[in-house]
>>> print(open('model-v9.csv').read())   # CSV, C-alpha atoms and all ligand atoms
chain,number,residue,atom,x,y,z
A,67,MET,CA,-38.1,35.8,38.2
A,68,LYS,CA,-40.6,34.4,40.6
A,69,LEU,CA,-41.1,35.9,44.0
A,70,SER,CA,-42.8,34.0,46.8
A,71,GLN,CA,-46.3,35.0,48.0
A,72,ARG,CA,-44.7,35.4,51.4
A,73,ALA,CA,-42.2,38.0,50.1
A,74,GLN,CA,-44.8,39.8,48.0
A,75,LYS,CA,-47.2,40.2,50.9
A,76,LEU,CA,-44.6,41.4,53.3
A,77,GLU,CA,-44.8,45.1,54.3
A,78,PRO,CA,-41.4,46.8,54.6
A,79,SER,CA,-40.6,48.4,57.9
A,80,VAL,CA,-42.2,51.9,57.9
A,81,THR,CA,-39.7,53.3,60.3
A,82,LEU,CA,-36.8,52.3,58.1
A,83,ALA,CA,-38.6,53.6,55.0
A,84,ALA,CA,-39.2,57.0,56.7
A,85,ALA,CA,-35.6,57.3,57.7
A,86,ALA,CA,-34.6,56.4,54.1
A,87,LYS,CA,-36.8,59.1,52.6
A,88,ALA,CA,-35.3,61.7,54.9
A,89,LYS,CA,-31.8,60.6,54.0
A,90,ALA,CA,-32.7,60.8,50.2
A,91,LEU,CA,-33.9,64.4,50.6
A,92,LYS,CA,-30.8,65.2,52.6
A,93,ALA,CA,-28.6,63.8,49.9
A,94,LYS,CA,-30.2,66.3,47.5
A,95,GLY,CA,-28.9,69.1,49.8
A,96,VAL,CA,-32.2,69.8,51.7
A,97,ASP,CA,-31.7,70.6,55.3
A,98,VAL,CA,-33.9,67.9,56.8
A,99,LEU,CA,-34.2,67.1,60.5
A,100,SER,CA,-35.1,63.5,61.0
A,101,LEU,CA,-36.9,62.3,64.1
A,102,THR,CA,-37.6,58.9,62.6
A,103,VAL,CA,-34.9,56.7,64.1
A,104,GLY,CA,-35.7,54.0,66.6
A,105,GLU,CA,-32.2,54.0,68.1
A,106,PRO,CA,-30.2,55.9,70.6
A,107,ASP,CA,-28.1,58.7,69.2
A,108,PHE,CA,-25.2,57.9,71.5
A,109,THR,CA,-22.3,55.8,70.5
A,110,THR,CA,-21.6,52.6,72.3
A,111,PRO,CA,-19.8,53.1,75.7
A,112,LYS,CA,-16.0,52.7,75.4
A,113,ASN,CA,-15.7,49.8,77.9
A,114,ILE,CA,-18.0,47.8,75.6
A,115,LYS,CA,-16.2,48.7,72.4
A,116,ASP,CA,-12.9,47.8,74.0
A,117,ALA,CA,-14.1,44.4,75.0
A,118,ALA,CA,-15.0,43.7,71.4
A,119,ILE,CA,-11.6,44.9,70.2
A,120,THR,CA,-9.9,42.7,72.7
A,121,ALA,CA,-12.0,39.7,71.6
A,122,ILE,CA,-11.1,40.4,68.0
A,123,ASN,CA,-7.4,40.8,68.6
A,124,SER,CA,-7.0,37.8,70.8
A,125,GLY,CA,-8.6,35.6,68.2
A,126,GLN,CA,-11.5,34.7,70.5
A,127,ALA,CA,-14.0,36.2,68.0
A,128,SER,CA,-12.7,34.4,65.0
A,129,PHE,CA,-14.7,31.3,65.3
A,130,TYR,CA,-18.3,30.0,65.3
A,131,THR,CA,-19.8,30.0,68.7
A,132,GLN,CA,-22.6,27.8,70.1
A,133,SER,CA,-25.8,28.5,68.3
A,134,ALA,CA,-27.4,29.7,71.5
A,135,GLY,CA,-24.5,32.0,72.3
A,136,ILE,CA,-21.3,31.7,74.3
A,137,PRO,CA,-21.9,30.2,77.8
A,138,GLU,CA,-20.2,33.3,79.5
A,139,LEU,CA,-22.8,35.6,77.9
A,140,ARG,CA,-25.7,33.3,78.7
A,141,LEU,CA,-24.5,33.2,82.4
A,142,ALA,CA,-24.2,37.0,82.3
A,143,ILE,CA,-27.8,37.1,81.1
A,144,ALA,CA,-28.8,34.7,83.9
A,145,ASP,CA,-27.2,37.1,86.4
A,146,TYR,CA,-28.9,40.0,84.7
A,147,MET,CA,-32.3,38.2,85.0
A,148,GLU,CA,-31.6,37.5,88.7
A,149,LYS,CA,-30.8,41.1,89.3
A,150,TYR,CA,-33.7,42.7,87.4
A,151,TYR,CA,-36.3,40.0,87.4
A,152,ASP,CA,-35.4,38.4,90.7
A,153,ARG,CA,-35.6,34.9,89.2
A,154,LYS,CA,-33.0,32.3,88.6
A,155,TYR,CA,-33.0,31.0,85.0
A,156,ALA,CA,-30.9,28.0,83.9
A,157,ILE,CA,-28.5,28.5,81.0
A,158,GLU,CA,-30.8,26.1,79.0
A,159,GLU,CA,-33.6,28.7,79.3
A,160,ILE,CA,-31.5,31.4,77.6
A,161,ILE,CA,-30.7,32.0,73.9
A,162,VAL,CA,-28.6,34.8,72.5
A,163,THR,CA,-29.9,36.0,69.1
A,164,ASP,CA,-29.1,38.5,66.3
A,165,GLY,CA,-30.9,41.3,68.0
A,166,ALA,CA,-34.3,41.2,69.8
A,167,LYS,CA,-35.9,41.4,66.4
A,168,TYR,CA,-34.6,38.0,65.4
A,169,ALA,CA,-35.4,36.6,68.8
A,170,LEU,CA,-39.1,37.4,68.1
A,171,TYR,CA,-38.9,36.2,64.5
A,172,ASN,CA,-37.3,32.9,65.6
A,173,LEU,CA,-39.8,32.5,68.5
A,174,PHE,CA,-42.8,32.8,66.1
A,175,GLN,CA,-41.2,30.2,63.9
A,176,ALA,CA,-40.8,27.9,66.9
A,177,ILE,CA,-44.3,28.2,68.3
A,178,LEU,CA,-46.7,28.9,65.5
A,179,ASP,CA,-48.5,26.6,63.0
A,180,LYS,CA,-50.7,27.8,60.1
A,181,GLY,CA,-53.7,29.6,61.5
A,182,ASP,CA,-52.4,30.0,65.0
A,183,GLU,CA,-53.4,33.4,66.4
A,184,VAL,CA,-51.3,35.9,68.2
A,185,ILE,CA,-53.0,38.8,70.0
A,186,ILE,CA,-51.2,42.1,69.4
A,187,PRO,CA,-52.2,45.3,71.2
A,188,VAL,CA,-52.5,48.4,69.0
A,189,PRO,CA,-50.5,50.6,68.6
A,190,TYR,CA,-47.9,48.0,68.0
A,191,TRP,CA,-44.2,47.8,67.0
A,192,VAL,CA,-44.1,47.6,63.2
A,193,SER,CA,-42.6,44.1,63.0
A,194,TYR,CA,-44.8,42.0,65.2
A,195,GLY,CA,-47.7,41.4,62.8
A,196,GLU,CA,-45.4,40.8,59.8
A,197,GLN,CA,-43.3,38.3,61.7
A,198,VAL,CA,-46.3,36.4,62.8
A,199,LYS,CA,-47.5,36.2,59.2
A,200,LEU,CA,-44.1,35.0,58.1
A,201,ALA,CA,-44.6,32.1,60.4
A,202,GLU,CA,-48.1,31.5,58.9
A,203,GLY,CA,-49.8,32.8,62.0
A,204,VAL,CA,-52.6,35.3,62.2
A,205,PRO,CA,-52.2,38.6,64.0
A,206,VAL,CA,-55.3,39.6,66.0
A,207,TYR,CA,-55.2,43.3,66.7
A,208,VAL,CA,-56.7,44.7,69.9
A,209,ASP,CA,-57.1,48.5,70.2
A,210,GLY,CA,-55.4,50.1,73.1
A,211,LEU,CA,-57.5,53.2,73.7
A,212,PHE,CA,-56.1,56.7,74.1
A,213,GLU,CA,-58.2,57.1,77.2
A,214,ASN,CA,-56.5,54.0,78.7
A,215,ASP,CA,-53.0,55.3,77.8
A,216,PHE,CA,-53.1,53.0,74.7
A,217,LYS,CA,-53.2,49.9,77.0
A,218,VAL,CA,-55.4,46.9,76.6
A,219,THR,CA,-57.6,45.3,79.3
A,220,VAL,CA,-58.4,41.7,80.2
A,221,ALA,CA,-62.0,42.3,79.0
A,222,GLN,CA,-60.7,43.2,75.6
A,223,LEU,CA,-58.3,40.2,75.5
A,224,GLU,CA,-61.1,37.9,76.5
A,225,LYS,CA,-63.2,39.1,73.6
A,226,ALA,CA,-60.2,38.6,71.2
A,227,LYS,CA,-59.5,35.1,72.4
A,228,THR,CA,-60.4,32.1,70.2
A,229,LYS,CA,-59.6,28.4,70.4
A,230,ASN,CA,-56.7,29.3,68.1
A,231,THR,CA,-55.0,31.9,70.3
A,232,VAL,CA,-51.5,30.8,71.1
A,233,ALA,CA,-49.7,33.9,72.3
A,234,LEU,CA,-50.1,37.5,73.4
A,235,ILE,CA,-47.4,40.2,72.8
A,236,LEU,CA,-46.8,42.8,75.5
A,237,ASN,CA,-44.4,45.7,74.9
A,238,SER,CA,-44.0,47.8,78.1
A,239,PRO,CA,-42.6,50.5,78.0
A,240,SER,CA,-44.1,50.6,74.5
A,241,ASN,CA,-42.7,51.6,71.2
A,242,PRO,CA,-44.4,53.8,69.9
A,243,THR,CA,-46.4,55.1,72.9
A,244,GLY,CA,-43.9,55.1,75.7
A,245,MET,CA,-46.6,53.9,78.1
A,246,ILE,CA,-46.0,51.4,80.9
A,247,TYR,CA,-48.5,48.8,82.2
A,248,THR,CA,-48.9,48.9,85.9
A,249,LYS,CA,-48.3,46.0,88.2
A,250,GLU,CA,-52.0,45.5,88.7
A,251,GLU,CA,-52.8,45.6,85.0
A,252,LEU,CA,-50.0,43.1,84.3
A,253,THR,CA,-51.1,40.8,87.1
A,254,ALA,CA,-54.6,40.7,85.7
A,255,ILE,CA,-53.3,40.0,82.2
A,256,GLY,CA,-50.8,37.5,83.4
A,257,ASN,CA,-53.3,35.5,85.4
A,258,TRP,CA,-55.7,35.6,82.3
A,259,ALA,CA,-52.9,34.2,80.1
A,260,VAL,CA,-52.1,31.4,82.6
A,261,LYS,CA,-55.7,30.5,83.0
A,262,ASN,CA,-56.1,30.2,79.2
A,263,ASP,CA,-52.7,28.8,78.5
A,264,ILE,CA,-51.7,31.6,76.2
A,265,LEU,CA,-47.9,32.3,75.9
A,266,ILE,CA,-46.9,35.8,77.0
A,267,VAL,CA,-44.3,37.3,74.7
A,268,ALA,CA,-42.9,40.1,76.9
A,269,ASP,CA,-40.8,42.5,74.8
A,270,ASP,CA,-39.0,44.3,77.6
A,271,ILE,CA,-36.4,46.0,75.4
A,272,TYR,CA,-37.2,49.5,76.9
A,273,GLY,CA,-37.4,48.3,80.5
A,274,ARG,CA,-34.5,50.4,81.7
A,275,LEU,CA,-35.4,53.5,79.8
A,276,VAL,CA,-38.0,54.8,82.2
A,277,TYR,CA,-38.5,58.4,83.4
A,278,ASP,CA,-39.8,60.8,86.0
A,279,GLY,CA,-40.0,58.2,88.8
A,280,ASN,CA,-42.2,55.8,86.8
A,281,GLU,CA,-41.5,52.2,87.4
A,282,PHE,CA,-41.3,49.3,85.0
A,283,THR,CA,-42.5,46.0,86.3
A,284,PRO,CA,-41.6,43.0,84.2
A,285,ILE,CA,-44.6,40.7,83.9
A,286,ALA,CA,-42.4,37.7,84.4
A,287,THR,CA,-41.8,38.8,88.0
A,288,LEU,CA,-45.4,38.7,89.1
A,289,SER,CA,-45.8,35.0,90.0
A,290,GLU,CA,-44.1,31.7,89.4
A,291,ALA,CA,-47.1,30.7,87.1
A,292,ILE,CA,-46.8,33.9,85.1
A,293,ALA,CA,-43.0,33.5,84.8
A,294,LYS,CA,-43.5,30.0,83.4
A,295,GLN,CA,-46.1,31.3,80.9
A,296,THR,CA,-43.7,34.1,79.7
A,297,ILE,CA,-40.9,34.3,77.1
A,298,VAL,CA,-38.9,37.4,77.9
A,299,ILE,CA,-37.5,39.2,74.9
A,300,ASN,CA,-34.7,41.7,75.6
A,301,GLY,CA,-31.4,42.9,74.2
A,302,VAL,CA,-28.6,45.4,74.5
A,303,SER,CA,-29.6,47.6,71.6
A,304,LYS,CA,-31.6,50.3,73.4
A,305,THR,CA,-30.1,50.1,76.9
A,306,TYR,CA,-26.5,50.2,75.9
A,307,ALA,CA,-26.7,52.1,72.6
A,308,MET,CA,-25.7,49.0,70.6
A,309,THR,CA,-28.3,48.7,67.8
A,310,GLY,CA,-25.6,48.0,65.2
A,311,TRP,CA,-24.1,45.1,67.1
A,312,ARG,CA,-27.2,43.0,66.8
A,313,ILE,CA,-27.4,41.2,70.1
A,314,GLY,CA,-30.7,40.3,71.7
A,315,PHE,CA,-31.9,37.4,73.8
A,316,ALA,CA,-34.9,35.3,74.7
A,317,VAL,CA,-35.4,33.8,78.2
A,318,GLY,CA,-38.1,31.3,79.3
A,319,ASP,CA,-39.4,27.7,78.8
A,320,GLU,CA,-36.5,25.3,78.1
A,321,LYS,CA,-38.4,23.4,75.4
A,322,ILE,CA,-39.1,26.6,73.5
A,323,ILE,CA,-35.5,27.9,73.9
A,324,LYS,CA,-34.3,24.5,72.6
A,325,ALA,CA,-36.6,24.7,69.5
A,326,MET,CA,-35.4,28.3,68.9
A,327,THR,CA,-31.8,27.1,69.2
A,328,ASN,CA,-32.4,24.4,66.6
A,329,ILE,CA,-33.9,27.0,64.3
A,330,ALA,CA,-30.9,29.4,64.8
A,331,SER,CA,-28.6,26.5,64.1
A,332,GLN,CA,-30.2,26.1,60.7
A,333,SER,CA,-30.5,29.7,59.9
A,334,THR,CA,-28.0,32.1,61.5
A,335,SER,CA,-25.6,29.6,63.3
A,336,ASN,CA,-24.7,32.1,65.9
A,337,PRO,CA,-24.8,35.9,66.6
A,338,THR,CA,-21.5,37.6,65.6
A,339,ALA,CA,-18.9,36.5,68.1
A,340,ALA,CA,-17.3,39.9,68.6
A,341,SER,CA,-20.7,41.3,69.4
A,342,GLN,CA,-21.3,38.6,72.0
A,343,TYR,CA,-18.1,39.6,73.8
A,344,ALA,CA,-19.2,43.2,73.6
A,345,ALA,CA,-22.7,42.3,75.1
A,346,LEU,CA,-21.0,40.4,77.8
A,347,GLU,CA,-19.1,43.5,78.9
A,348,ALA,CA,-22.3,45.6,78.5
A,349,LEU,CA,-24.3,43.3,80.9
A,350,SER,CA,-21.6,42.6,83.4
A,351,GLY,CA,-19.4,45.7,83.3
A,352,ASP,CA,-19.7,49.2,84.6
A,353,GLN,CA,-23.4,50.4,84.3
A,354,THR,CA,-22.7,54.2,84.8
A,355,SER,CA,-23.3,54.9,81.1
A,356,VAL,CA,-26.7,53.4,81.2
A,357,GLU,CA,-27.8,55.9,83.8
A,358,ASN,CA,-26.2,58.8,82.0
A,359,MET,CA,-28.0,58.0,78.8
A,360,ARG,CA,-31.3,57.4,80.6
A,361,ALA,CA,-31.0,60.8,82.4
A,362,ALA,CA,-30.2,62.5,79.0
A,363,PHE,CA,-33.4,61.0,77.5
A,364,GLU,CA,-35.4,62.1,80.5
A,365,ALA,CA,-34.1,65.7,80.3
A,366,ARG,CA,-35.1,65.8,76.6
A,367,LEU,CA,-38.5,64.4,77.2
A,368,ASN,CA,-39.3,66.9,79.9
A,369,LYS,CA,-38.2,69.8,77.6
A,370,LEU,CA,-39.8,68.5,74.4
A,371,TYR,CA,-43.1,67.3,75.7
A,372,PRO,CA,-44.6,70.7,76.5
A,373,LEU,CA,-43.4,72.1,73.2
A,374,VAL,CA,-45.0,69.3,71.2
A,375,ALA,CA,-48.2,69.5,73.3
A,376,ALA,CA,-48.4,73.2,72.4
A,377,ILE,CA,-48.7,72.5,68.7
A,378,PRO,CA,-52.3,73.4,67.7
A,379,GLY,CA,-54.6,70.5,67.7
A,380,VAL,CA,-52.2,68.0,69.2
A,381,GLU,CA,-53.4,65.6,71.9
A,382,LEU,CA,-50.5,64.0,73.7
A,383,LYS,CA,-50.1,61.8,76.7
A,384,LYS,CA,-46.8,62.2,78.4
A,385,PRO,CA,-44.8,59.0,77.8
A,386,GLN,CA,-43.3,57.2,80.8
A,387,GLY,CA,-40.5,55.3,79.0
A,388,ALA,CA,-38.7,54.5,75.7
A,389,PHE,CA,-37.7,57.5,73.6
A,390,TYR,CA,-40.8,58.5,71.5
A,391,LEU,CA,-43.7,60.9,71.6
A,392,PHE,CA,-46.8,59.6,70.0
A,393,PRO,CA,-49.2,62.5,69.6
A,394,ASN,CA,-52.7,62.2,68.1
A,395,VAL,CA,-52.8,64.8,65.3
A,396,LYS,CA,-56.3,64.3,64.1
A,397,LYS,CA,-57.4,67.8,65.0
A,398,THR,CA,-54.2,69.3,63.8
A,399,MET,CA,-54.7,67.6,60.4
A,400,GLU,CA,-58.3,68.8,60.3
A,401,MET,CA,-57.1,72.4,60.9
A,402,CYS,CA,-54.6,72.0,58.1
A,403,GLY,CA,-56.9,70.3,55.6
A,404,TYR,CA,-55.5,66.8,55.8
A,405,ASP,CA,-57.4,63.5,56.2
A,406,ASP,CA,-54.6,61.1,55.7
A,407,VAL,CA,-51.7,61.0,58.1
A,408,ASN,CA,-49.4,59.6,55.5
A,409,VAL,CA,-49.9,62.7,53.3
A,410,PHE,CA,-49.5,65.0,56.4
A,411,VAL,CA,-46.2,63.4,57.2
A,412,GLU,CA,-45.1,63.6,53.6
A,413,ASP,CA,-45.9,67.3,53.3
A,414,LEU,CA,-44.3,68.0,56.6
A,415,LEU,CA,-41.1,66.4,55.2
A,416,GLU,CA,-41.2,68.1,51.8
A,417,GLU,CA,-42.4,71.5,52.9
A,418,GLY,CA,-41.5,71.7,56.6
A,419,HIS,CA,-38.3,69.6,56.3
A,420,VAL,CA,-39.0,67.5,59.4
A,421,ALA,CA,-39.2,63.8,59.1
A,422,LEU,CA,-41.5,61.9,61.4
A,423,VAL,CA,-42.9,58.3,61.1
A,424,THR,CA,-46.6,58.0,60.3
A,425,GLY,CA,-48.7,56.3,62.9
A,426,ALA,CA,-50.3,54.2,60.2
A,427,GLY,CA,-47.5,51.7,60.4
A,428,PHE,CA,-48.2,51.2,64.1
A,429,GLY,CA,-51.9,50.7,63.5
A,430,ALA,CA,-52.7,54.3,64.6
A,431,PRO,CA,-53.6,56.4,61.6
A,432,GLU,CA,-54.4,59.5,63.7
A,433,ASN,CA,-50.9,59.6,65.2
A,434,VAL,CA,-47.3,60.4,64.3
A,435,ARG,CA,-44.2,59.1,66.0
A,436,ILE,CA,-41.5,61.5,67.1
A,437,SER,CA,-38.3,60.0,68.2
A,438,TYR,CA,-36.3,62.1,70.7
A,439,ALA,CA,-33.1,60.1,70.2
A,440,ALA,CA,-31.6,63.3,68.8
A,441,SER,CA,-29.6,66.2,70.2
A,442,TRP,CA,-31.6,69.0,71.9
A,443,ASP,CA,-30.6,71.5,69.1
A,444,ILE,CA,-32.2,69.3,66.5
A,445,LEU,CA,-35.3,68.6,68.6
A,446,GLU,CA,-35.9,72.3,69.4
A,447,GLU,CA,-35.5,73.3,65.8
A,448,ALA,CA,-37.7,70.5,64.6
A,449,VAL,CA,-40.5,71.4,66.9
A,450,ARG,CA,-40.2,75.0,65.8
A,451,ARG,CA,-40.5,73.9,62.1
A,452,MET,CA,-43.5,71.7,62.9
A,453,HIS,CA,-45.2,74.5,64.7
A,454,LYS,CA,-44.6,76.8,61.8
A,455,PHE,CA,-45.8,74.2,59.2
A,456,VAL,CA,-49.1,73.8,61.1
A,457,GLU,CA,-49.6,77.6,61.5
A,458,ASN,CA,-48.9,78.2,57.8
A,459,LYS,CA,-51.3,75.5,56.6
A,460,ARG,CA,-54.0,76.6,59.0
A,461,ASN,CA,-53.8,80.3,58.0
A,462,LYS,CA,-54.2,79.3,54.3
A,463,ASP,CA,-57.9,78.7,54.8
B,501,LIG,C1,-35.8,48.2,68.7
B,501,LIG,C2,-36.9,47.3,69.1
B,501,LIG,C3,-36.7,45.9,69.0
B,501,LIG,C4,-35.5,45.2,68.4
B,501,LIG,O1,-34.3,45.6,68.8
B,501,LIG,P1,-33.0,44.8,68.3
B,501,LIG,O2,-32.1,45.9,67.8
B,501,LIG,O3,-33.3,43.9,67.2
B,501,LIG,O4,-32.4,44.1,69.5
B,501,LIG,C5,-37.7,45.1,69.5
B,501,LIG,N1,-38.8,45.5,70.0
B,501,LIG,C6,-39.1,46.9,70.0
B,501,LIG,C7,-40.4,47.3,70.6
B,501,LIG,C8,-38.1,47.8,69.6
B,501,LIG,O5,-38.4,49.1,69.6
>>> encode(input="model-v9.csv", output="structure tokens", more="lines below")
Ligand SMILES: *Cc1c(COP(=O)(O)O)cnc(C)c1O
Amino acid sequence: MKLSQRAQKLEPSVTLAAAAKAKALKAKGVDVLSLTVGEPDFTTPKNIKDAAITAINSGQASFYTQSAGIPELRLAIADYMEKYYDRKYAIEEIIVTDGAKYALYNLFQAILDKGDEVIIPVPYWVSYGEQVKLAEGVPVYVDGLFENDFKVTVAQLEKAKTKNTVALILNSPSNPTGMIYTKEELTAIGNWAVKNDILIVADDIYGRLVYDGNEFTPIATLSEAIAKQTIVINGVSKTYAMTGWRIGFAVGDEKIIKAMTNIASQSTSNPTAASQYAALEALSGDQTSVENMRAAFEARLNKLYPLVAAIPGVELKKPQGAFYLFPNVKKTMEMCGYDDVNVFVEDLLEEGHVALVTGAGFGAPENVRISYAASWDILEEAVRRMHKFVENKRNKD
């Protein structure tokens, strides 16, 4: 059977692959601790689950909805945007999608032609580059430097810009680094994008998972011109512990949203109806659980960070948001006789029984990603094992 070039060239998601490997070892009876997942370990809050059950039992969730999502949910998203972005968006500027991941996929289909370039700061979320390529676009990677908290500067963007540059992806707080761009940095980048007519794709999915008094500024709030230059990508997965429900959204330029709606109408029709009613309750109902989950992540971060930083050779910036640590393990690997982070991660899994995600998939081959979306017992034991693994390897020489 024939496979398309497109399918053959596609890299599978490294995070999902790492999780699968850990699961396979576990199935063989090995006591593996997996810190690979990119999703909250909490279950969806009860009020949200109940809203879906009601929608199912009443029959409301039985039918196709509008391709862009039910109007009630789009209005709730408009209210959400007014509350957190201080800007009024019309319902025509909002589309509900099958997760934020599909919002991004659909957006690239809507805006890119063959050869169009999209600037992607490194380290990057694993799907950006592959999605751009699926739309026949060209990812242009710009290194966020460790010294600059992995963030890119206007000077770097200016260098990366060509006449084919169509868009720039910003993910703050970042998966995998947890770093947040400051208001000043975002203003400079936003003004640069406006001046060069480059679309800002703002992946704000971790915007409400911010810790230790750090603040998240959405780039779309910085000026009217920047707002108009920005498509906001967001969703309920991370904030409301709803990864399995598959509801995301995109907000911005009406023409782009209309194009995305047409693409959705020919590909997915609509996001699952019951999930849309659940998301409606998530965005407009009681928000207590959001703060409870955020506080739980914050407490874990503050306990976990010093323990990981104390592993020999590890260089680690303290993350400000999201739920990952992204240590540089170059020196650790050198001490232990490794020069390839993929092999290091593999051995850590097979010998140390801790599963992490290699930084290679995020464009950072000196790093590993540690998710702290796991209970404290698991986190504490996993760090103990990592420490022991490193000590054992180091003492071999
Ligand atoms: C999890 C994640 C998404 C996608 O989330 P959905 O579950 O598809 O809504 C998008 N961007 C980043 C950076 C993520 O970590």
>>> residues_around(input="model-v9.csv", residues="Thr131 in chain A", least_positions_apart="2", cutoff="9 Å", atoms="all atoms listed in the file", output="PyMOL selection string")
chain A and resi 127+129+133-136+335-339
>>> atom_distance(input="model-v9.csv", atom1="CA of Gly95 in chain A", atom2="CA of Val423 in chain A")
21.0 Å
>>> residues_near_ligand(input="model-v9.csv", ligand="ligand LIG 501 (chain B)", cutoff="9 Å", atoms="only C-alpha atoms and all ligand atoms", output="ChimeraX atom specification")
/A:104-105,163-170,190-194,237-242,269-272,299-304,308-315,388
>>> residues_around(input="model-v9.csv", residues="Arg366 in chain A", least_positions_apart="2", cutoff="12 Å", atoms="only C-alpha atoms", output="number ranges by chain")
A: 277-278, 359-364, 368-374, 385, 388-391, 437-446
>>> atom_distance(input="model-v9.csv", atom1="CA of Ile436 in chain A", atom2="CA of Ala421 in chain A")
8.6 Å
>>> residues_around(input="model-v9.csv", residues="range 448-457 of chain A", least_positions_apart="4", cutoff="8 Å", atoms="all atoms listed in the file", output="list in words")
Leu99, Leu373, Val374, Ile377, Pro378, Thr398, Cys402, Leu414, Glu417, Gly418, His419, Val420, Ile444 and Asn461 of chain A
>>> atom_distance(input="model-v9.csv", atom1="CA of Glu347 in chain A", atom2="CA of Asn113 in chain A")
7.2 Å
>>> residues_near_point(input="model-v9.csv", point="(-59.0, 35.8, 71.2)", cutoff="10 Å", atoms="all atoms listed in the file", output="list in words")
Glu183, Val184, Ile185, Val206, Tyr207, Val208, Gln222, Leu223, Glu224, Lys225, Ala226, Lys227, Thr228, Lys229, Asn230, Thr231, Val232, Ala233, Leu234 and Ile264 of chain A
>>> closest_residue(input="model-v9.csv", among="A:Leu173, A:Ala85, A:Leu415, A:Val98", to="Asn328 in chain A", atoms="all atoms listed in the file")
A:Leu173
>>> residues_near_point(input="model-v9.csv", point="(-21.3, 47.9, 74.9)", cutoff="9 Å", atoms="only C-alpha atoms", output="VMD selection string")
chain A and resid 110 to 118 302 to 303 306 to 308 311 341 343 to 349 351
>>> closest_residue(input="model-v9.csv", among="A:Met245, A:Ile160, A:Ala375, A:Val188", to="Leu139 in chain A", atoms="only C-alpha atoms")
A:Ile160
>>> closest_residue(input="model-v9.csv", among="A:Ile119, A:Met399, A:Val407, A:Ala286", to="Arg153 in chain A", atoms="only C-alpha atoms")
A:Ala286
>>> closest_residue(input="model-v9.csv", among="A:Leu265, A:Gly203, A:Val411, A:Asn433", to="Lys397 in chain A", atoms="only C-alpha atoms")
A:Asn433
